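Novice: Got a structure for you, written out below as structure tokens; questions coming shortly.
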Amino acid sequence: MTIKIATRGAAEKILDKYDTYLFDCDGVIWIGNELLPSVKETLELLQSQGPVH
């Protein structure tokens, strides 16, 4: 499922609903050796939401 999230507040609202995330890496996180735009910030936001179990 693809969701376009325009603001950090909108992202946090969605993140509050889930405790587990699954990502396809190639083409979603990076292409070749290049990290895609906003991935670093998105992963940092996920990490800031609390510990991973």
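Residue numbering restarts at 1 in every chain; chains get A, B, ... in the order shown in the structure tokens, and ligands count up from 1 in that same order.
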Can you check which residues of chain A DSSP gives as strand (DSSP E) on the backbone and send them as a list in words?
Specialist: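 The strand (DSSP E) residues within chain A come out as Trp30, Ile31, Glu34 and Leu35 of chain A.
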Novice: What does the structure give for the distance between atom CA of A:Gln49 and atom CA of A:Gly27, in Å to one decimal?
Specialist: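 Interatomic distance, atom CA of A:Gln49 to atom CA of A:Gly27: 24.4 Å.
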Novice: Between A:Gly9, A:Val28, A:Leu22, A:Leu15, which is the closest to A:Lys40 once you count only C-alpha atoms?
Specialist: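 Distance minimum relative to A:Lys40 lands on A:Val28.
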Novice: For atom CA of A:Glu41 and atom CA of A:Ile14, determine how far apart the two atoms are, in Å to one decimal place.
Specialist: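 About the pair atom CA of A:Glu41 and atom CA of A:Ile14: they are 15.5 Å apart.
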Novice: Could you pull out the helix (DSSP H, G or I) residues of chain A, going by DSSP on the backbone, and write them as a ChimeraX atom specification?
Specialist: /A:8-15,39-48
Novice: Next, write the just-selected residues to a file, as a compact mmCIF listing (two decimals), in the first residue's frame, keeping N, CA and C atoms as the atom set.
Specialist:
```txt
# COMPACT_ATOMS: atom_id res chain seq x y z
N ARG A 8 4.90 16.06 8.90
CA ARG A 8 5.37 15.20 10.00
C ARG A 8 4.19 14.80 10.89
N GLY A 9 3.27 15.74 11.13
CA GLY A 9 2.10 15.44 11.95
C GLY A 9 1.25 14.33 11.35
N ALA A 10 1.08 14.36 10.03
CA ALA A 10 0.33 13.30 9.35
C ALA A 10 1.06 11.97 9.48
N ALA A 11 2.38 12.01 9.38
CA ALA A 11 3.17 10.79 9.53
C ALA A 11 3.02 10.22 10.93
N GLU A 12 3.12 11.06 11.93
CA GLU A 12 3.00 10.59 13.32
C GLU A 12 1.62 10.00 13.59
N LYS A 13 0.60 10.56 12.99
CA LYS A 13 -0.76 10.04 13.16
C LYS A 13 -0.86 8.61 12.61
N ILE A 14 -0.25 8.38 11.46
CA ILE A 14 -0.25 7.04 10.89
C ILE A 14 0.62 6.10 11.72
N LEU A 15 1.79 6.57 12.15
CA LEU A 15 2.70 5.73 12.92
C LEU A 15 2.08 5.28 14.23
N VAL A 39 14.24 9.21 2.82
CA VAL A 39 14.34 7.93 3.52
C VAL A 39 15.03 8.10 4.87
N LYS A 40 16.13 8.82 4.90
CA LYS A 40 16.86 9.02 6.16
C LYS A 40 15.95 9.64 7.21
N GLU A 41 15.24 10.69 6.85
CA GLU A 41 14.34 11.37 7.79
C GLU A 41 13.20 10.45 8.22
N THR A 42 12.68 9.67 7.30
CA THR A 42 11.59 8.75 7.62
C THR A 42 12.04 7.68 8.60
N LEU A 43 13.20 7.09 8.36
CA LEU A 43 13.70 6.06 9.27
C LEU A 43 14.04 6.65 10.64
N GLU A 44 14.56 7.87 10.67
CA GLU A 44 14.82 8.53 11.95
C GLU A 44 13.52 8.77 12.71
N LEU A 45 12.47 9.15 12.00
CA LEU A 45 11.16 9.35 12.64
C LEU A 45 10.65 8.04 13.22
N LEU A 46 10.77 6.96 12.47
CA LEU A 46 10.35 5.65 12.98
C LEU A 46 11.13 5.28 14.24
N GLN A 47 12.44 5.50 14.21
CA GLN A 47 13.28 5.18 15.37
C GLN A 47 12.92 6.04 16.57
N SER A 48 12.51 7.26 16.34
CA SER A 48 12.18 8.16 17.45
C SER A 48 10.87 7.79 18.14
```
